[in-house]
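Structure data follow from my_file_10.txt (compact mmCIF, C-alpha atoms and all ligand atoms):
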```txt
# COMPACT_ATOMS: atom_id res chain seq x y z
CA MET P 21 22.73 16.13 -4.92
CA SER P 22 21.41 14.60 -1.69
CA PHE P 23 19.88 11.18 -2.23
CA LEU P 24 19.45 8.10 -0.05
CA PHE P 25 17.82 4.82 -1.04
CA LYS P 26 17.00 2.17 1.54
CA ASP P 27 15.38 -1.11 0.60
CA PHE P 28 13.30 -3.00 3.16
CA PRO P 29 13.26 -6.63 1.98
CA ALA P 30 11.10 -9.60 3.15
CA ASP P 31 8.67 -8.88 0.29
CA ARG P 32 8.78 -12.25 -1.42
CA ASP P 33 7.71 -14.24 1.60
CA ASP P 34 4.89 -11.83 2.47
CA PHE P 35 3.70 -12.17 -1.11
CA ARG P 36 3.61 -15.98 -0.95
CA VAL P 37 1.93 -16.05 2.46
CA ASP P 38 -0.70 -13.45 1.46
CA VAL P 39 -1.44 -15.19 -1.85
CA LEU P 40 -1.84 -18.63 -0.27
CA ALA P 41 -4.10 -17.23 2.46
CA GLY P 42 -6.15 -15.27 -0.09
CA LEU P 43 -6.64 -18.27 -2.38
CA ALA P 44 -7.65 -20.47 0.55
CA ALA P 45 -10.25 -17.94 1.74
CA CYS P 46 -13.85 -17.79 0.65
CA PRO P 47 -14.42 -15.65 -1.37
CA LYS P 48 -10.91 -15.79 -2.86
CA SER P 49 -8.96 -12.52 -2.86
CA ILE P 50 -5.47 -11.03 -3.27
CA PRO P 51 -4.52 -7.59 -1.88
CA PRO P 52 -4.30 -4.89 -4.60
CA LYS P 53 -0.81 -3.82 -3.53
CA TYR P 54 0.47 -6.87 -5.43
CA PHE P 55 -0.57 -5.38 -8.79
CA TYR P 56 2.54 -3.24 -8.77
CA ASP P 57 5.42 -5.33 -10.08
CA GLU P 58 7.33 -3.65 -12.93
CA PRO P 59 4.88 -4.59 -15.72
CA GLY P 60 2.03 -3.69 -13.34
CA CYS P 61 3.48 -0.22 -12.68
CA ARG P 62 3.76 0.36 -16.44
CA LEU P 63 0.20 -0.81 -17.00
CA PHE P 64 -1.06 1.46 -14.22
CA GLU P 65 0.65 4.45 -15.85
CA SER P 66 -1.05 3.47 -19.10
CA ILE P 67 -4.46 3.27 -17.33
CA CYS P 68 -3.92 6.87 -16.22
CA ALA P 69 -3.57 7.89 -19.88
CA GLN P 70 -6.83 6.19 -20.99
CA PRO P 71 -9.64 8.57 -21.99
CA GLU P 72 -12.16 6.86 -19.65
CA TYR P 73 -9.88 7.02 -16.58
CA THR P 74 -9.94 10.73 -15.75
CA LEU P 75 -9.10 10.43 -12.03
CA THR P 76 -5.35 11.14 -12.28
CA ARG P 77 -5.65 13.92 -14.87
CA THR P 78 -8.46 15.59 -12.93
CA GLU P 79 -6.43 15.56 -9.73
CA GLN P 80 -3.43 16.97 -11.57
CA ALA P 81 -5.56 19.76 -13.07
CA LEU P 82 -7.06 20.55 -9.65
CA MET P 83 -3.64 20.69 -8.01
CA ALA P 84 -2.15 22.85 -10.78
CA SER P 85 -5.03 25.31 -10.89
CA ARG P 86 -5.37 25.74 -7.10
CA LEU P 87 -1.73 25.35 -6.14
CA SER P 88 -1.12 28.76 -4.59
CA ASP P 89 -4.32 28.48 -2.55
CA ILE P 90 -3.40 24.95 -1.43
CA ALA P 91 0.18 25.96 -0.53
CA ALA P 92 -1.08 28.94 1.47
CA ALA P 93 -3.50 26.71 3.40
CA ILE P 94 -0.72 24.20 4.15
CA GLY P 95 1.71 26.85 5.39
CA PRO P 96 5.42 26.26 6.02
CA VAL P 97 6.61 22.64 5.71
CA ASP P 98 10.06 21.14 6.34
CA CYS P 99 9.44 17.58 5.20
CA ILE P 100 7.00 16.08 2.69
CA VAL P 101 6.30 12.35 3.06
CA GLU P 102 4.60 10.49 0.21
CA PRO P 103 3.59 6.85 0.80
CA GLY P 104 3.07 4.95 -2.48
CA ALA P 105 4.84 7.62 -4.54
CA GLY P 106 5.30 5.44 -7.66
CA ASP P 107 6.97 7.53 -10.37
CA CYS P 108 7.20 10.58 -8.04
CA ALA P 109 5.53 12.78 -10.68
CA LYS P 110 2.75 14.24 -8.51
CA VAL P 111 4.83 15.68 -5.71
CA ARG P 112 6.73 18.09 -8.00
CA LEU P 113 3.99 20.72 -7.80
CA LEU P 114 4.18 20.69 -4.00
CA LEU P 115 7.98 20.81 -4.05
CA ASP P 116 7.81 23.91 -6.27
CA ALA P 117 5.24 25.62 -4.07
CA LEU P 118 6.42 24.61 -0.58
CA ARG P 119 10.21 24.29 -0.97
CA PRO P 120 10.69 21.80 1.89
CA SER P 121 14.20 20.72 2.90
CA GLN P 122 13.41 16.98 2.79
CA LEU P 123 11.27 14.65 0.69
CA VAL P 124 10.65 11.07 1.85
CA VAL P 125 9.05 8.79 -0.75
CA MET P 126 8.02 5.18 -0.17
CA ASP P 127 6.83 2.51 -2.55
CA ILE P 128 6.48 -1.26 -2.62
CA ALA P 129 8.13 -1.13 -6.09
CA GLY P 130 11.58 -0.11 -4.88
CA VAL P 131 13.56 -0.18 -8.13
CA PRO P 132 11.42 2.25 -10.18
CA LEU P 133 10.97 4.38 -7.04
CA ALA P 134 14.72 4.76 -6.58
CA ALA P 135 15.20 5.78 -10.23
CA ALA P 136 12.42 8.38 -10.08
CA ALA P 137 13.56 9.75 -6.71
CA LYS P 138 17.13 10.11 -7.95
CA THR P 139 15.91 12.21 -10.88
CA LEU P 140 14.02 14.42 -8.39
CA ALA P 141 17.15 14.86 -6.31
CA ARG P 142 19.01 16.03 -9.44
CA ASP P 143 16.22 18.44 -10.39
CA TYR P 144 15.80 19.99 -6.93
CA GLN P 145 19.17 21.15 -5.68
CA GLY P 146 19.23 21.55 -1.91
CA LEU P 147 16.41 19.03 -1.40
CA ALA P 148 17.35 15.93 0.61
CA VAL P 149 15.54 13.03 -1.08
CA THR P 150 15.05 9.78 0.85
CA ALA P 151 13.56 6.84 -1.07
CA LEU P 152 12.34 3.90 1.00
CA GLY P 153 11.61 0.72 -0.94
CA MET P 154 8.98 -0.62 1.41
CA ASP P 155 5.47 -1.96 1.71
CA PHE P 156 4.35 0.95 3.86
CA LEU P 157 1.25 -0.95 4.98
CA HIS P 158 3.70 -3.26 6.67
CA ASP P 159 6.67 -1.02 7.49
CA LEU P 160 5.40 2.59 7.82
CA GLU P 161 6.69 2.95 11.37
CA ALA P 162 10.18 1.97 10.19
CA ALA P 163 10.25 5.20 8.14
CA ALA P 164 10.21 7.41 11.26
CA PRO P 165 14.02 7.39 11.84
CA TYR P 166 14.56 8.69 8.27
CA LEU P 167 12.42 11.80 8.78
CA GLN P 168 14.15 15.05 9.72
CA ALA P 169 12.72 17.06 12.61
CA GLY P 170 10.34 19.89 11.75
CA ARG P 171 6.89 20.34 10.32
CA ARG P 172 5.73 17.34 8.30
CA LEU P 173 3.19 17.01 5.52
CA ILE P 174 1.91 13.58 4.54
CA TYR P 175 0.84 13.63 0.88
CA TYR P 176 -1.45 10.78 -0.16
CA PRO P 177 -2.88 11.60 -3.58
CA GLY P 178 -4.54 9.60 -6.33
CA SER P 179 -7.43 8.08 -4.33
CA SER P 180 -5.10 5.32 -3.17
CA ILE P 181 -7.03 5.50 0.11
CA GLY P 182 -9.99 4.12 -1.87
CA ASN P 183 -8.31 0.70 -1.86
CA PHE P 184 -9.19 0.37 1.83
CA PRO P 185 -12.59 -0.34 3.36
CA PRO P 186 -13.55 2.42 5.86
CA ASP P 187 -12.23 0.60 8.95
CA ALA P 188 -8.86 -0.14 7.34
CA ALA P 189 -8.72 3.42 5.96
CA THR P 190 -9.22 4.75 9.50
CA VAL P 191 -6.37 2.59 10.80
CA LEU P 192 -4.03 3.74 8.01
CA LEU P 193 -4.89 7.43 8.50
CA ALA P 194 -4.25 7.05 12.24
CA ARG P 195 -0.80 5.62 11.46
CA PHE P 196 -0.19 8.63 9.19
CA ARG P 197 -1.17 10.86 12.14
CA GLN P 198 1.35 9.09 14.33
CA LEU P 199 4.13 9.55 11.75
CA ALA P 200 3.25 13.20 11.06
CA GLY P 201 3.09 14.16 14.76
CA SER P 202 0.65 16.55 16.38
CA GLU P 203 1.92 19.51 14.31
CA GLY P 204 1.74 17.47 11.12
CA ARG P 205 -0.61 17.88 8.21
CA LEU P 206 -2.21 15.56 5.67
CA LEU P 207 -3.07 16.43 2.06
CA ILE P 208 -5.17 13.66 0.56
CA GLY P 209 -6.93 13.22 -2.78
CA PHE P 210 -9.88 10.92 -3.37
CA ASP P 211 -12.45 10.12 -6.02
CA LEU P 212 -16.03 11.26 -5.33
CA LYS P 213 -19.26 9.31 -5.78
CA LYS P 214 -20.70 10.09 -9.20
CA ASP P 215 -22.67 8.63 -12.13
CA PRO P 216 -22.21 4.84 -11.77
CA LEU P 217 -21.89 4.42 -15.54
CA GLN P 218 -19.01 6.89 -15.66
CA LEU P 219 -17.30 4.94 -12.89
CA HIS P 220 -18.01 1.66 -14.66
CA ARG P 221 -16.37 2.90 -17.86
CA ALA P 222 -13.27 4.10 -16.02
CA TYR P 223 -12.55 0.51 -14.93
CA ASN P 224 -13.61 -1.05 -18.24
CA ASP P 225 -11.63 1.00 -20.75
CA ALA P 226 -12.12 0.24 -24.44
CA ALA P 227 -8.42 -0.45 -25.06
CA GLY P 228 -8.46 -3.19 -22.40
CA VAL P 229 -5.60 -1.75 -20.35
CA THR P 230 -7.41 -2.19 -17.01
CA ALA P 231 -8.14 -5.79 -18.01
CA ALA P 232 -4.45 -6.34 -18.78
CA PHE P 233 -3.51 -4.73 -15.44
CA ASN P 234 -5.86 -7.07 -13.58
CA LEU P 235 -4.75 -10.19 -15.51
CA ASN P 236 -1.07 -9.28 -15.00
CA LEU P 237 -1.56 -10.33 -11.39
CA LEU P 238 -2.01 -13.95 -12.57
CA GLU P 239 1.09 -13.66 -14.75
CA ARG P 240 2.99 -12.32 -11.76
CA LEU P 241 1.89 -15.35 -9.72
CA ASN P 242 3.18 -17.57 -12.53
CA ARG P 243 6.49 -15.68 -12.79
CA GLU P 244 7.28 -15.27 -9.10
CA LEU P 245 5.57 -18.18 -7.38
CA GLY P 246 5.72 -20.75 -10.18
CA ALA P 247 1.92 -20.88 -10.36
CA ASP P 248 0.19 -22.31 -13.43
CA PHE P 249 -2.70 -19.88 -14.03
CA ASP P 250 -3.94 -19.73 -17.63
CA PRO P 251 -4.90 -16.02 -17.96
CA ALA P 252 -7.03 -16.90 -21.03
CA ARG P 253 -9.33 -18.81 -18.69
CA PHE P 254 -10.06 -15.78 -16.51
CA ARG P 255 -12.08 -12.65 -17.33
CA HIS P 256 -11.47 -9.13 -16.01
CA TYR P 257 -14.75 -8.20 -14.30
CA ALA P 258 -15.15 -4.74 -12.73
CA PHE P 259 -18.38 -3.05 -11.68
CA TYR P 260 -19.64 -0.29 -9.41
CA ASN P 261 -21.46 -1.50 -6.30
CA PRO P 262 -23.61 1.52 -5.37
CA VAL P 263 -24.70 0.07 -2.02
CA ALA P 264 -21.12 -0.35 -0.82
CA GLY P 265 -19.97 2.75 -2.74
CA ARG P 266 -17.07 1.05 -4.45
CA ILE P 267 -15.73 -0.35 -7.68
CA GLU P 268 -15.07 -4.04 -7.23
CA MET P 269 -12.50 -5.64 -9.46
CA HIS P 270 -12.46 -9.41 -9.90
CA LEU P 271 -10.95 -12.14 -12.08
CA ALA P 272 -13.77 -14.52 -12.96
CA SER P 273 -13.01 -18.13 -13.82
CA LEU P 274 -14.32 -19.03 -17.30
CA ALA P 275 -14.13 -22.76 -16.55
CA GLU P 276 -14.13 -25.21 -13.70
CA GLN P 277 -10.40 -25.57 -13.12
CA ASP P 278 -7.61 -26.34 -10.67
CA VAL P 279 -4.59 -24.11 -10.26
CA ASN P 280 -1.30 -24.94 -8.54
CA VAL P 281 0.57 -22.35 -6.52
CA THR P 282 3.81 -23.31 -4.73
CA GLY P 283 2.71 -26.93 -4.65
CA GLN P 284 -0.77 -26.24 -3.31
CA ARG P 285 -3.84 -26.85 -5.45
CA PHE P 286 -6.83 -24.50 -5.55
CA HIS P 287 -10.16 -25.19 -7.20
CA PHE P 288 -12.17 -22.59 -9.13
CA ALA P 289 -15.80 -23.28 -9.96
CA LEU P 290 -17.14 -21.91 -13.25
CA GLY P 291 -17.88 -18.22 -12.66
CA GLU P 292 -16.14 -18.11 -9.29
CA THR P 293 -14.09 -14.97 -8.82
CA LEU P 294 -10.76 -13.99 -7.37
CA HIS P 295 -11.38 -10.55 -5.89
CA THR P 296 -8.43 -8.25 -6.64
CA GLU P 297 -9.40 -4.69 -5.69
CA HIS P 298 -11.86 -2.41 -3.97
CA SER P 299 -11.82 1.19 -5.09
CA TYR P 300 -14.05 3.13 -2.71
CA LYS P 301 -15.67 6.40 -3.76
CA PHE P 302 -16.70 8.92 -1.11
CA ARG P 303 -18.69 12.06 -0.47
CA ARG P 304 -16.56 14.78 1.06
CA ASP P 305 -18.40 14.62 4.40
CA GLU P 306 -18.16 10.81 4.48
CA PHE P 307 -14.44 11.06 4.05
CA SER P 308 -13.91 13.77 6.66
CA ALA P 309 -15.83 11.61 9.16
CA ILE P 310 -13.38 8.75 8.52
CA ALA P 311 -10.39 11.08 8.89
CA LYS P 312 -11.83 12.54 12.08
CA ASN P 313 -12.01 9.07 13.61
CA ALA P 314 -8.30 8.78 12.81
CA GLY P 315 -7.48 12.00 14.67
CA TRP P 316 -7.44 14.49 11.77
CA GLN P 317 -9.39 17.78 11.65
CA LEU P 318 -10.46 19.13 8.26
CA ALA P 319 -8.73 22.45 7.51
CA ALA P 320 -9.61 23.12 3.85
CA GLU P 321 -10.92 21.35 0.77
CA TRP P 322 -11.05 21.68 -2.99
CA GLU P 323 -13.18 19.93 -5.61
CA ARG P 324 -13.06 19.57 -9.37
CA ASP P 325 -14.99 17.32 -11.79
CA GLY P 326 -15.81 14.59 -9.29
CA PHE P 327 -12.50 14.59 -7.45
CA ALA P 328 -11.67 16.08 -4.04
CA VAL P 329 -8.51 17.15 -2.25
CA GLN P 330 -8.72 17.74 1.50
CA LEU P 331 -6.22 19.26 3.90
CA TYR P 332 -6.11 18.09 7.51
CA GLY P 333 -4.27 19.25 10.58
C1 LIG Q 401 -4.37 3.55 -7.66
C2 LIG Q 401 -6.05 2.62 -6.28
C3 LIG Q 401 -6.32 4.81 -7.13
O1 LIG Q 401 -8.55 2.47 -7.63
O2 LIG Q 401 -8.61 3.80 -9.33
C4 LIG Q 401 -7.05 1.86 -11.55
C5 LIG Q 401 -6.07 1.66 -9.16
N1 LIG Q 401 -7.33 0.00 -10.51
N2 LIG Q 401 -7.76 1.03 -12.34
C6 LIG Q 401 -7.99 3.09 -8.55
C7 LIG Q 401 -6.80 1.20 -10.39
C8 LIG Q 401 -7.91 -0.09 -11.72
C9 LIG Q 401 -6.48 3.00 -8.69
N3 LIG Q 401 -5.81 3.47 -7.43
```
What does the file become when written as structure tokens?
Amino acid sequence: MSFLFKDFPADRDDFRVDVLAGLAACPKSIPPKYFYDEPGCRLFESICAQPEYTLTRTEQALMASRLSDIAAAIGPVDCIVEPGAGDCAKVRLLLDALRPSQLVVMDIAGVPLAAAAKTLARDYQGLAVTALGMDFLHDLEAAAPYLQAGRRLIYYPGSSIGNFPPDAATVLLARFRQLAGSEGRLLIGFDLKKDPLQLHRAYNDAAGVTAAFNLNLLERLNRELGADFDPARFRHYAFYNPVAGRIEMHLASLAEQDVNVTGQRFHFALGETLHTEHSYKFRRDEFSAIAKNAGWQLAAEWERDGFAVQLYG
């Protein structure tokens, strides 16, 4: 078994600094990457199993049904790099089809990442697995020394790119280009624009799992920063904004209240929201225009039930 885990610390201070800046801003916001503490990771996996949230299952079905076609379009690959790999479940199909010699996975949640990556290393004999516990938005460039030479494929599934407004998405994709090199490729999955009501339901599931995921952020602030949020006094509020082409997720204050975070006090007016996530939806041509600005040329694409996978070179 060939397995390496490297943790890139400094998380906790970034978290505090980002939270204090976000709460002081107007409108208030916290970056969505902070959803993913251990309870948050579990809640996200549960969202993916909800009947209304079809995104993950649709992508999986697309990948499974078109795998040989996708692998042929990608061609030979030595190293697969997956930023934000989470439980490392999605990359297995590509490992089976492409048989690279190295897999590099990164995630801000380092502990569950290391466990999942170790299991992969056991299951794929002869595959060198490198797990980097890092906030790749911060530290992506620090991954470069861990990548073996050869042809690289960046795999960025799950519409994670939808968390970024177009300008920030362009910057991130350009950093992927830099890491992949001029011979590198990018396989990326994203959710397509569709019936707004269908989108609305996906972020307002009947079982309340998305609400619990959103509210867990407040509990995390209480646990890790000693904040005194009362989650019962905030409402999960998610809606599709068709003009901006995105789901917006907020936590709306149900009262006029003050909250203390690391000794600083923040005021919420009744109905004021803490914005927690954007989840952009794209048309295929809109997305390829963004990728083109980041230095990627569209090579092939696949679509199924409102979800797209595109290959770039
Ligand atoms: C992981 C960013 C793709 O935007 O659909 C799911 C996160 N948030 N339900 C998404 C999420 C609420 C998810 N991404």
Around ligand LIG 401 (chain Q), out to 6 Å and counting all atoms listed in the file, which residues are there? I want them as a PyMOL selection string. chain P and resi 178-180+183+223+230+299
Quote the spacing between atom CA of P:Asp107 and atom CA of P:Asp33 in Å to one decimal place.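 We find that atom CA of P:Asp107 and atom CA of P:Asp33 lie 24.9 Å from each other.
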Please list as a count of residues only every residue within 8 Å of P:Met269, counting all atoms listed in the file and excluding residues in the same chain fewer than 6 positions away. 9
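Of the listed residues P:Ile100, P:Leu241, P:Val281, P:Ala227, the one whose atoms come nearest to P:Leu206 is P:Ile100, with distances taken using all atoms listed in the file.
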Can you tell me which residues surround P:Leu212 at a distance of at most 7 Å, considering all atoms listed in the file, apart from same-chain residues fewer than 3 positions away, and format the answer as a count of residues only? 6
